[in-house]
Amino acid sequence: IIRKLKKTYKGICQITVEMLCSSRDYGVDVTEAHHIDYLSEGGMDGEPLNIIIISPEWHRLIHKENPKFDRAGFNFVFKNGKNLPIKEPGHLRKILK
């Protein structure tokens, strides 16, 4: 599933909709797959609805701050009240329809 999703987004972070420079300039995809609902908390592995493709930087921030994911709005809600929208919900939107 992760390989298929990474192939779909071709080095683009779903949060920023920007191609990572590693993909653009060097042809190396370093995007990461983030499980929206953590596996350690009962999230499903291998379920596209539970995975987004993001940059390593955003992935690290999300794990460090542990925001809640608003599935209806396609955004992460942080404890400080800030929202981080998924600008390219792509496959998440298709599955929810």
# chains A, B, ... in the order shown; residues from 1 in each chain; ligands from 1

$ residues_around --residues "stretch 16-26 of chain A" --least-positions-apart "3" --cutoff "9 Å" --atoms "only C-alpha atoms" --output "list of chain:residue names"
A:Tyr9, A:Lys10, A:Gly11, A:Ile12, A:Cys13, A:Asp29, A:Val30, A:Thr31, A:Ile54, A:Ser55, A:Pro85, A:Ile86, A:Lys87, A:Glu88

$ closest_residue --among "A:Lys64, A:Arg71, A:Lys94, A:Lys4" --to "A:Asp37" --atoms "only C-alpha atoms"
A:Arg71

$ select_by_dssp --residues "chain A" --states "helix (DSSP H, G or I)" --output "count of residues only"
37

$ atom_distance --atom1 "atom CA of A:Phe69" --atom2 "atom CA of A:Ile1"
20.4 Å

$ closest_residue --among "A:Asn83, A:Arg3, A:Pro56, A:Asn50" --to "A:Tyr38" --atoms "only C-alpha atoms"
A:Asn50

$ residues_around --residues "A:Ile62" --least-positions-apart "2" --cutoff "10 Å" --atoms "only C-alpha atoms" --output "list in words"
His34, Ile36, Pro56, Glu57, Trp58, His59, Arg60, Lys64, Glu65, Asn66, Pro67, Lys68, Phe76, Phe78 and Leu84 of chain A

$ select_by_dssp --residues "stretch 8-92 of chain A" --states "strand (DSSP E)" --output "list in words"
Glu32, Ala33, His34, His35, Ile51, Ile52, Ile53, Ile54, Lys68, Phe69, Asp70, Asn75, Phe76, Val77, Asn83, Leu84 and Pro85 of chain A

$ atom_distance --atom1 "atom CA of A:His63" --atom2 "atom CA of A:Met44"
17.0 Å

$ closest_residue --among "A:Ile15, A:Asn80, A:Phe74, A:His35" --to "A:Pro48" --atoms "only C-alpha atoms"
A:His35

$ atom_distance --atom1 "atom CA of A:Ala72" --atom2 "atom CA of A:Lys7"
25.1 Å

$ closest_residue --among "A:Leu49, A:Glu41, A:Gly73, A:Val28" --to "A:Leu92" --atoms "only C-alpha atoms"
A:Leu49

$ decode --residues "stretch 21-50 of chain A" --atoms "N, CA, C and O atoms" --output "short mmCIF file (atom, residue, chain, number, x, y, z; two decimals), in the first residue's frame"
data_model
loop_
_atom_site.label_atom_id
_atom_site.label_comp_id
_atom_site.auth_asym_id
_atom_site.auth_seq_id
_atom_site.Cartn_x
_atom_site.Cartn_y
_atom_site.Cartn_z
N CYS A 21 12.69 18.47 -2.65
CA CYS A 21 13.84 18.74 -3.53
C CYS A 21 14.59 17.46 -3.86
O CYS A 21 15.16 17.35 -4.94
N SER A 22 14.58 16.49 -2.96
CA SER A 22 15.28 15.23 -3.24
C SER A 22 14.67 14.54 -4.45
O SER A 22 15.38 13.94 -5.25
N SER A 23 13.36 14.63 -4.58
CA SER A 23 12.68 14.02 -5.73
C SER A 23 12.90 14.86 -6.98
O SER A 23 13.22 14.34 -8.04
N ARG A 24 12.70 16.16 -6.85
CA ARG A 24 12.79 17.06 -7.99
C ARG A 24 14.21 17.13 -8.56
O ARG A 24 14.41 17.03 -9.76
N ASP A 25 15.19 17.30 -7.67
CA ASP A 25 16.55 17.54 -8.12
C ASP A 25 17.41 16.28 -8.29
O ASP A 25 18.34 16.27 -9.08
N TYR A 26 17.07 15.22 -7.55
CA TYR A 26 17.94 14.05 -7.56
C TYR A 26 17.22 12.75 -7.93
O TYR A 26 17.85 11.70 -8.05
N GLY A 27 15.91 12.80 -8.08
CA GLY A 27 15.15 11.62 -8.45
C GLY A 27 15.03 10.60 -7.33
O GLY A 27 14.79 9.42 -7.59
N VAL A 28 15.17 11.05 -6.07
CA VAL A 28 15.09 10.16 -4.92
C VAL A 28 13.89 10.57 -4.07
O VAL A 28 13.81 11.69 -3.60
N ASP A 29 12.97 9.65 -3.88
CA ASP A 29 11.78 9.94 -3.10
C ASP A 29 12.03 9.63 -1.63
O ASP A 29 12.23 8.48 -1.26
N VAL A 30 12.07 10.69 -0.80
CA VAL A 30 12.26 10.49 0.64
C VAL A 30 10.99 10.80 1.43
O VAL A 30 11.04 10.93 2.65
N THR A 31 9.86 10.92 0.73
CA THR A 31 8.62 11.12 1.46
C THR A 31 8.40 9.91 2.37
O THR A 31 8.95 8.84 2.14
N GLU A 32 7.58 10.13 3.40
CA GLU A 32 7.33 9.07 4.36
C GLU A 32 5.84 8.83 4.49
O GLU A 32 5.02 9.71 4.24
N ALA A 33 5.50 7.63 4.88
CA ALA A 33 4.10 7.26 5.10
C ALA A 33 3.79 7.45 6.58
O ALA A 33 4.49 6.91 7.44
N HIS A 34 2.76 8.23 6.86
CA HIS A 34 2.34 8.45 8.24
C HIS A 34 1.01 7.75 8.48
O HIS A 34 0.07 7.92 7.70
N HIS A 35 0.95 6.94 9.53
CA HIS A 35 -0.30 6.31 9.94
C HIS A 35 -1.10 7.34 10.74
O HIS A 35 -0.65 7.77 11.81
N ILE A 36 -2.23 7.74 10.23
CA ILE A 36 -3.06 8.74 10.89
C ILE A 36 -3.46 8.26 12.29
O ILE A 36 -3.30 8.97 13.27
N ASP A 37 -4.00 7.07 12.36
CA ASP A 37 -4.28 6.43 13.65
C ASP A 37 -3.12 5.48 13.91
O ASP A 37 -2.92 4.51 13.16
N TYR A 38 -2.33 5.78 14.94
CA TYR A 38 -1.12 5.01 15.20
C TYR A 38 -1.43 3.52 15.38
O TYR A 38 -2.42 3.15 15.99
N LEU A 39 -0.55 2.70 14.85
CA LEU A 39 -0.71 1.25 14.98
C LEU A 39 -0.73 0.84 16.45
O LEU A 39 -1.49 -0.05 16.84
N SER A 40 0.06 1.52 17.26
CA SER A 40 0.12 1.20 18.69
C SER A 40 -1.19 1.52 19.41
O SER A 40 -1.40 1.08 20.53
N GLU A 41 -2.05 2.30 18.75
CA GLU A 41 -3.34 2.66 19.34
C GLU A 41 -4.50 2.03 18.58
O GLU A 41 -5.63 2.52 18.63
N GLY A 42 -4.21 0.98 17.83
CA GLY A 42 -5.26 0.24 17.13
C GLY A 42 -5.50 0.64 15.69
O GLY A 42 -6.41 0.13 15.05
N GLY A 43 -4.68 1.55 15.16
CA GLY A 43 -4.81 1.94 13.76
C GLY A 43 -4.51 0.78 12.83
O GLY A 43 -3.72 -0.11 13.16
N MET A 44 -5.13 0.80 11.67
CA MET A 44 -4.97 -0.30 10.71
C MET A 44 -3.72 -0.09 9.84
O MET A 44 -3.53 1.00 9.29
N ASP A 45 -2.93 -1.12 9.71
CA ASP A 45 -1.79 -1.11 8.81
C ASP A 45 -2.26 -1.64 7.46
O ASP A 45 -3.09 -2.54 7.40
N GLY A 46 -1.76 -1.09 6.38
CA GLY A 46 -2.15 -1.55 5.06
C GLY A 46 -3.51 -1.03 4.62
O GLY A 46 -4.06 -1.49 3.62
N GLU A 47 -4.04 -0.07 5.33
CA GLU A 47 -5.33 0.54 5.00
C GLU A 47 -5.07 1.95 4.47
O GLU A 47 -4.63 2.83 5.23
N PRO A 48 -5.28 2.22 3.18
CA PRO A 48 -4.99 3.53 2.61
C PRO A 48 -5.66 4.69 3.36
O PRO A 48 -5.10 5.77 3.45
N LEU A 49 -6.83 4.47 3.90
CA LEU A 49 -7.54 5.51 4.63
C LEU A 49 -6.79 5.95 5.88
O LEU A 49 -7.03 7.02 6.41
N ASN A 50 -5.85 5.13 6.33
CA ASN A 50 -5.09 5.44 7.54
C ASN A 50 -3.68 5.94 7.24
O ASN A 50 -2.87 6.08 8.15
#
